[in-house]
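Q: File follows, coords.tsv with TSV, C-alpha atoms:
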chain	number	residue	atom	x	y	z
Z	22	MET	CA	-17.21	-16.45	5.30
Z	23	ARG	CA	-13.49	-15.73	5.51
Z	24	ARG	CA	-12.54	-12.68	3.46
Z	25	LEU	CA	-9.37	-11.70	1.61
Z	26	VAL	CA	-8.54	-8.08	0.75
Z	27	VAL	CA	-5.99	-7.89	-2.08
Z	28	ASN	CA	-4.48	-4.41	-1.92
Z	29	ALA	CA	-2.14	-3.07	-4.63
Z	30	ASP	CA	0.63	-0.68	-3.56
Z	31	ASP	CA	2.31	2.08	-5.59
Z	32	PHE	CA	-0.61	3.56	-7.54
Z	33	GLY	CA	0.57	6.82	-9.10
Z	34	LEU	CA	4.20	5.80	-9.56
Z	35	THR	CA	3.96	5.41	-13.35
Z	36	ASP	CA	1.27	5.25	-16.02
Z	37	GLY	CA	1.99	1.55	-16.52
Z	38	ILE	CA	1.51	0.75	-12.85
Z	39	CYS	CA	-1.79	2.61	-12.77
Z	40	ARG	CA	-3.06	0.80	-15.87
Z	41	GLY	CA	-1.93	-2.54	-14.48
Z	42	ILE	CA	-3.62	-2.00	-11.12
Z	43	VAL	CA	-6.88	-0.93	-12.74
Z	44	TYR	CA	-6.76	-3.98	-15.01
Z	45	ALA	CA	-6.18	-6.27	-12.02
Z	46	MET	CA	-9.13	-4.64	-10.25
Z	47	ASP	CA	-11.42	-4.95	-13.26
Z	48	HIS	CA	-10.44	-8.50	-14.25
Z	49	GLY	CA	-9.02	-10.11	-11.13
Z	50	VAL	CA	-9.04	-10.31	-7.36
Z	51	VAL	CA	-7.54	-6.89	-6.51
Z	52	ARG	CA	-10.11	-4.80	-4.65
Z	53	ALA	CA	-8.11	-1.87	-3.26
Z	54	THR	CA	-5.04	0.24	-3.93
Z	55	THR	CA	-2.95	2.88	-2.16
Z	56	ALA	CA	-1.55	5.86	-4.03
Z	57	MET	CA	1.75	7.68	-3.79
Z	58	THR	CA	1.62	11.45	-4.11
Z	59	ARG	CA	5.27	12.36	-4.67
Z	60	PRO	CA	6.33	10.74	-7.97
Z	61	PRO	CA	6.40	13.02	-11.03
Z	62	GLY	CA	2.98	12.89	-12.68
Z	63	ALA	CA	1.23	11.35	-9.66
Z	64	ALA	CA	-1.16	14.28	-9.34
Z	65	ASP	CA	-2.62	13.77	-12.81
Z	66	ARG	CA	-2.79	9.99	-12.38
Z	67	ILE	CA	-4.66	10.25	-9.09
Z	68	ALA	CA	-7.06	12.87	-10.43
Z	69	ALA	CA	-7.75	10.83	-13.58
Z	70	HIS	CA	-8.94	7.87	-11.50
Z	71	ALA	CA	-10.51	9.75	-8.59
Z	72	GLY	CA	-14.04	8.98	-9.72
Z	73	THR	CA	-13.70	5.37	-10.81
Z	74	LEU	CA	-11.65	4.37	-7.76
Z	75	SER	CA	-13.65	6.31	-5.18
Z	76	GLY	CA	-13.86	4.27	-1.99
Z	77	ARG	CA	-11.13	1.92	-3.18
Z	78	MET	CA	-8.07	4.22	-3.20
Z	79	GLY	CA	-6.12	4.80	-0.03
Z	80	ILE	CA	-2.97	6.79	0.64
Z	81	HIS	CA	0.54	5.31	0.48
Z	82	PHE	CA	2.34	7.79	2.75
Z	83	GLN	CA	5.92	8.39	1.65
Z	84	LEU	CA	9.20	8.93	3.43
Z	85	THR	CA	11.24	7.01	0.85
Z	86	GLY	CA	11.46	6.54	-2.91
Z	87	GLY	CA	13.93	9.24	-3.82
Z	88	HIS	CA	11.18	11.75	-4.59
Z	89	PRO	CA	10.98	15.34	-3.34
Z	90	PRO	CA	8.71	15.96	-0.33
Z	91	CYS	CA	5.44	17.80	-0.59
Z	92	LEU	CA	6.75	20.61	1.60
Z	93	PRO	CA	9.86	22.64	0.69
Z	94	PRO	CA	12.91	20.52	1.64
Z	95	GLY	CA	14.22	23.30	3.88
Z	96	GLU	CA	11.12	22.92	6.07
Z	97	VAL	CA	11.67	19.20	6.65
Z	98	PRO	CA	15.47	18.79	6.85
Z	99	THR	CA	15.41	15.55	8.86
Z	100	LEU	CA	13.24	13.86	6.23
Z	101	VAL	CA	15.43	14.50	3.20
Z	102	THR	CA	18.92	13.87	1.86
Z	103	PRO	CA	21.38	16.71	1.16
Z	104	GLU	CA	19.88	16.74	-2.35
Z	105	GLY	CA	16.49	17.64	-0.92
Z	106	VAL	CA	14.70	14.36	-1.67
Z	107	PHE	CA	13.55	11.37	0.37
Z	108	ALA	CA	16.03	8.55	0.88
Z	109	ARG	CA	15.61	5.69	-1.58
Z	110	LYS	CA	15.09	2.99	1.07
Z	111	ARG	CA	13.91	2.73	4.65
Z	112	MET	CA	17.33	1.68	5.92
Z	113	ASP	CA	18.84	4.93	4.62
Z	114	ILE	CA	16.58	7.22	6.66
Z	115	GLY	CA	18.23	9.04	9.55
Z	116	GLU	CA	16.56	10.13	12.77
Z	117	VAL	CA	13.40	12.01	11.86
Z	118	SER	CA	11.57	14.83	13.57
Z	119	ALA	CA	8.02	13.81	14.49
Z	120	ASP	CA	6.82	17.36	13.90
Z	121	GLU	CA	8.35	17.49	10.42
Z	122	LEU	CA	6.90	14.09	9.57
Z	123	ARG	CA	3.49	15.13	10.86
Z	124	ARG	CA	3.49	18.27	8.69
Z	125	GLU	CA	4.79	16.45	5.61
Z	126	TRP	CA	2.21	13.66	5.80
Z	127	ARG	CA	-0.49	16.26	6.40
Z	128	ALA	CA	0.64	17.95	3.17
Z	129	GLN	CA	0.57	14.62	1.31
Z	130	LEU	CA	-2.94	13.95	2.59
Z	131	GLU	CA	-4.18	17.38	1.50
Z	132	PHE	CA	-2.44	16.92	-1.85
Z	133	MET	CA	-4.48	13.77	-2.44
Z	134	ARG	CA	-7.68	15.42	-1.32
Z	135	SER	CA	-7.03	18.32	-3.69
Z	136	ARG	CA	-7.00	15.79	-6.56
Z	137	GLY	CA	-10.47	14.58	-5.64
Z	138	VAL	CA	-9.69	11.59	-3.43
Z	139	GLU	CA	-10.65	11.08	0.20
Z	140	PRO	CA	-8.49	8.06	1.12
Z	141	SER	CA	-10.39	4.93	2.08
Z	142	HIS	CA	-7.44	3.35	3.92
Z	143	MET	CA	-3.75	3.96	4.58
Z	144	ASP	CA	-0.29	2.39	4.64
Z	145	THR	CA	3.27	3.52	3.88
Z	146	HIS	CA	5.79	3.09	1.11
Z	147	HIS	CA	8.47	0.55	2.06
Z	148	HIS	CA	6.59	0.09	5.37
Z	149	VAL	CA	8.37	3.02	6.97
Z	150	HIS	CA	5.80	2.94	9.78
Z	151	LYS	CA	7.67	-0.08	11.13
Z	152	ARG	CA	10.26	2.38	12.43
Z	153	PRO	CA	9.71	3.22	16.12
Z	154	ASP	CA	10.17	6.95	15.45
Z	155	VAL	CA	7.56	6.88	12.66
Z	156	PHE	CA	4.84	4.61	14.03
Z	157	PRO	CA	3.48	7.10	16.61
Z	158	VAL	CA	2.76	9.61	13.82
Z	159	TYR	CA	1.25	6.85	11.69
Z	160	LEU	CA	-1.00	5.94	14.59
Z	161	GLU	CA	-2.04	9.57	15.05
Z	162	PHE	CA	-3.14	9.83	11.42
Z	163	ALA	CA	-4.94	6.49	11.48
Z	164	ARG	CA	-6.85	7.45	14.62
Z	165	GLU	CA	-7.73	10.90	13.27
Z	166	LEU	CA	-8.88	9.66	9.86
Z	167	GLY	CA	-10.74	6.67	11.26
Z	168	ILE	CA	-9.89	4.50	8.27
Z	169	PRO	CA	-8.32	1.03	8.07
Z	170	ALA	CA	-4.55	1.06	8.46
Z	171	ARG	CA	-2.06	-1.64	7.52
Z	172	ALA	CA	-0.53	-3.55	10.40
Z	173	THR	CA	2.60	-5.47	9.47
Z	174	ASN	CA	2.80	-7.58	12.64
Z	175	PRO	CA	0.61	-8.59	15.62
Z	176	ASP	CA	2.08	-5.97	17.99
Z	177	MET	CA	1.29	-3.22	15.51
Z	178	ALA	CA	-2.22	-4.59	15.01
Z	179	ALA	CA	-2.79	-4.59	18.77
Z	180	ALA	CA	-1.63	-0.97	19.07
Z	181	LEU	CA	-3.90	0.13	16.23
Z	182	ARG	CA	-6.93	-1.69	17.63
Z	183	ALA	CA	-6.29	-0.26	21.10
Z	184	ALA	CA	-6.54	3.19	19.49
Z	185	GLY	CA	-9.81	2.24	17.77
Z	186	VAL	CA	-8.23	1.85	14.32
Z	187	PRO	CA	-9.50	-1.07	12.19
Z	188	CYS	CA	-6.94	-3.40	10.65
Z	189	ALA	CA	-6.93	-6.86	9.12
Z	190	ASP	CA	-6.55	-9.96	11.27
Z	191	ALA	CA	-3.39	-10.92	9.36
Z	192	PHE	CA	-1.18	-9.44	6.67
Z	193	ILE	CA	0.51	-11.29	3.79
Z	194	THR	CA	3.66	-9.58	2.55
Z	195	HIS	CA	5.45	-12.41	0.74
Z	196	PHE	CA	3.63	-12.37	-2.61
Z	197	PHE	CA	6.62	-10.60	-4.11
Z	198	GLY	CA	9.79	-11.47	-5.97
Z	199	GLU	CA	10.62	-14.60	-7.91
Z	200	ASP	CA	7.95	-17.19	-7.05
Z	201	LEU	CA	4.88	-15.56	-8.56
Z	202	SER	CA	2.42	-18.31	-9.39
Z	203	PRO	CA	-1.21	-19.14	-8.58
Z	204	GLU	CA	0.02	-22.01	-6.41
Z	205	ARG	CA	2.28	-19.71	-4.37
Z	206	PHE	CA	-0.53	-17.16	-3.98
Z	207	LEU	CA	-2.98	-19.78	-2.74
Z	208	ASP	CA	-0.43	-21.36	-0.40
Z	209	LEU	CA	0.24	-17.98	1.24
Z	210	VAL	CA	-3.47	-17.31	1.67
Z	211	ASP	CA	-4.13	-20.79	3.05
Z	212	ALA	CA	-1.33	-20.43	5.60
Z	213	ALA	CA	-2.52	-16.98	6.71
Z	214	PHE	CA	-6.05	-18.22	7.42
Z	215	ALA	CA	-4.95	-21.50	9.04
Z	216	ASP	CA	-5.23	-20.36	12.66
Z	217	LEU	CA	-7.91	-17.70	12.21
Z	218	PRO	CA	-11.66	-17.90	12.82
Z	219	ASP	CA	-14.21	-18.17	10.03
Z	220	THR	CA	-14.97	-14.44	10.34
Z	221	ALA	CA	-11.35	-13.40	9.71
Z	222	VAL	CA	-10.23	-10.75	7.24
Z	223	VAL	CA	-6.72	-11.01	5.79
Z	224	GLU	CA	-4.91	-8.37	3.70
Z	225	LEU	CA	-2.52	-9.40	0.94
Z	226	MET	CA	-0.11	-6.81	-0.44
Z	227	CYS	CA	0.69	-6.92	-4.15
Z	228	HIS	CA	2.45	-4.80	-6.78
Z	229	PRO	CA	0.85	-5.33	-10.20
Z	230	GLY	CA	1.75	-3.08	-13.11
Z	231	HIS	CA	2.52	-2.96	-16.80
Z	232	SER	CA	6.26	-2.96	-17.38
Z	233	ASP	CA	7.52	-0.22	-19.67
Z	234	ALA	CA	10.62	1.91	-20.16
Z	235	GLU	CA	9.48	4.44	-17.57
Z	236	LEU	CA	9.14	1.78	-14.88
Z	237	SER	CA	12.32	-0.10	-15.82
Z	238	ALA	CA	14.29	3.14	-15.48
Z	239	ILE	CA	13.38	3.58	-11.82
Z	240	THR	CA	13.14	0.05	-10.38
Z	241	ALA	CA	14.41	-3.46	-10.94
Z	242	TYR	CA	10.97	-4.75	-9.93
Z	243	SER	CA	9.41	-4.23	-13.33
Z	244	ALA	CA	8.85	-7.44	-15.32
Z	245	ALA	CA	7.68	-9.19	-12.14
Z	246	ARG	CA	4.76	-6.78	-11.95
Z	247	GLU	CA	3.45	-8.24	-15.21
Z	248	ARG	CA	3.68	-11.72	-13.70
Z	249	GLU	CA	1.71	-10.49	-10.70
Z	250	ILE	CA	-1.08	-9.33	-13.03
Z	251	ALA	CA	-1.18	-12.77	-14.65
Z	252	VAL	CA	-1.62	-14.45	-11.27
Z	253	LEU	CA	-4.06	-11.93	-9.86
Z	254	THR	CA	-6.35	-12.28	-12.89
Z	255	SER	CA	-6.03	-16.04	-13.27
Z	256	ALA	CA	-8.92	-18.49	-13.15
Z	257	GLU	CA	-6.78	-20.75	-10.96
Z	258	VAL	CA	-6.69	-18.18	-8.17
Z	259	ARG	CA	-10.43	-17.56	-8.32
Z	260	ARG	CA	-11.20	-21.28	-8.27
Z	261	GLY	CA	-8.71	-21.93	-5.49
Z	262	LEU	CA	-10.15	-19.25	-3.23
Z	263	GLY	CA	-13.63	-20.60	-3.86
Z	264	LYS	CA	-12.58	-24.11	-2.87
Z	265	MET	CA	-11.11	-22.73	0.36
Z	266	GLY	CA	-14.31	-20.87	1.16
Z	267	ILE	CA	-12.62	-17.49	0.97
Z	268	ALA	CA	-14.41	-14.46	-0.51
Z	269	VAL	CA	-12.56	-11.54	-2.09
Z	270	ALA	CA	-13.56	-8.26	-0.43
Z	271	GLY	CA	-12.67	-4.58	-0.36
Z	272	MET	CA	-11.36	-2.50	2.54
Z	273	GLU	CA	-14.92	-2.07	3.76
Z	274	ALA	CA	-14.55	-5.57	5.21
Z	275	VAL	CA	-11.71	-4.31	7.39
Z	276	ALA	CA	-13.55	-1.11	8.28
Z	277	ALA	CA	-16.49	-3.13	9.56
Z	278	LYS	CA	-14.39	-5.12	12.05
Will you turn the file into structure tokens for me?

A:
Amino acid sequence: MRRLVVNADDFGLTDGICRGIVYAMDHGVVRATTAMTRPPGAADRIAAHAGTLSGRMGIHFQLTGGHPPCLPPGEVPTLVTPEGVFARKRMDIGEVSADELRREWRAQLEFMRSRGVEPSHMDTHHHVHKRPDVFPVYLEFARELGIPARATNPDMAAALRAAGVPCADAFITHFFGEDLSPERFLDLVDAAFADLPDTAVVELMCHPGHSDAELSAITAYSAAREREIAVLTSAEVRRGLGKMGIAVAGMEAVAAK
């Protein structure tokens, strides 16, 4: 049977996002999440869910978001702004040192492990691993950890597989923004599987979360996260996937490829 892995980004960013992701996992089609380590309060949020989300929580490596790095800013000058924090967006990142990035991501990984989580899979915030100066380090970590890694395009998937890293057969990134409905969700899934074999595994990225003052203060993508929860927990989505012969699965489906 064809399998769909619905993976929620941004765990750890706020309490509302964590509660929303857990709700979507308990009551809907979300089966995996990746956690950020750098937002204020992320350590406690990760630790609080380390047991219940064991095997389902990956790491959302950061190089953006406006948060301070794990290492002292003076040790990773090419990764931070003059204020000593990560750039807000991928387009604002300058040329980075591979060694600094390697040490920073190692620190983020150990930070997560120290909170009781061994990541089950990996990706990056704002898909910074799409940058040619970042992808080699991303590939190093994926190969070392031996866990599924997100591939955002076929060339990236080929490079990961050549290194022995499991990744999904296709990746859906467009369930985001204004058109958040069961119909849109199912159309995206149907299109992704259209040219794939019956054994295919597809990953869909989502961003569910409960909108609150804390979230609204840091991002414009706040109320839409509530709409994502409504879709991801809807009976229409479950029925639609069933009619298409698509099973919802966790990252273990990718790991087994």

Q: Could you jot down the atom CA of Arg59 of chain Z to atom CA of Phe197 of chain Z separation for me, Å, one decimal place?

A: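 Interatomic distance here is 23.0 Å.
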
Q: Give me the residues within 8 Å of segment 93-102 of chain Z as a list of chain:residue names, counting all atoms listed in the file and dropping any in the same chain fewer than 6 places off.

A: Z:Leu84, Z:Ala108, Z:Ile114, Z:Gly115, Z:Glu116, Z:Val117, Z:Ser118, Z:Glu121, Z:Leu122, Z:Glu125

Q: Tell me, in Å to one decimal, how far atom CA of Ser237 of chain Z is from atom CA of Leu253 of chain Z.

A: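 Atom CA of Leu253 of chain Z lies at a distance of 21.1 Å from atom CA of Ser237 of chain Z.
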
Q: One number please: atom CA of Thr173 of chain Z to atom CA of Val27 of chain Z, in Å, one decimal.

A: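 Atom-to-atom, atom CA of Thr173 of chain Z to atom CA of Val27 of chain Z, that is 14.6 Å.
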
Q: Would you list the contacts of Ile193 of chain Z as a ChimeraX atom specification, taking every protein, DNA or RNA residue within 12 Å and counting all atoms listed in the file, but skipping same-chain residues closer than 2 positions in sequence?

A: /Z:25-28,171-174,189-191,195-197,205-214,222-227

Q: Extending 8 Å beyond the listed atoms of segment 98-102 of chain Z on each side, what axis-aligned box results? I want centre and edge lengths in Å to one decimal, as lines of an AutoDock Vina configuration file.

A:
center_x = 16.1
center_y = 16.3
center_z = 5.4
size_x = 21.7
size_y = 20.9
size_z = 23.0
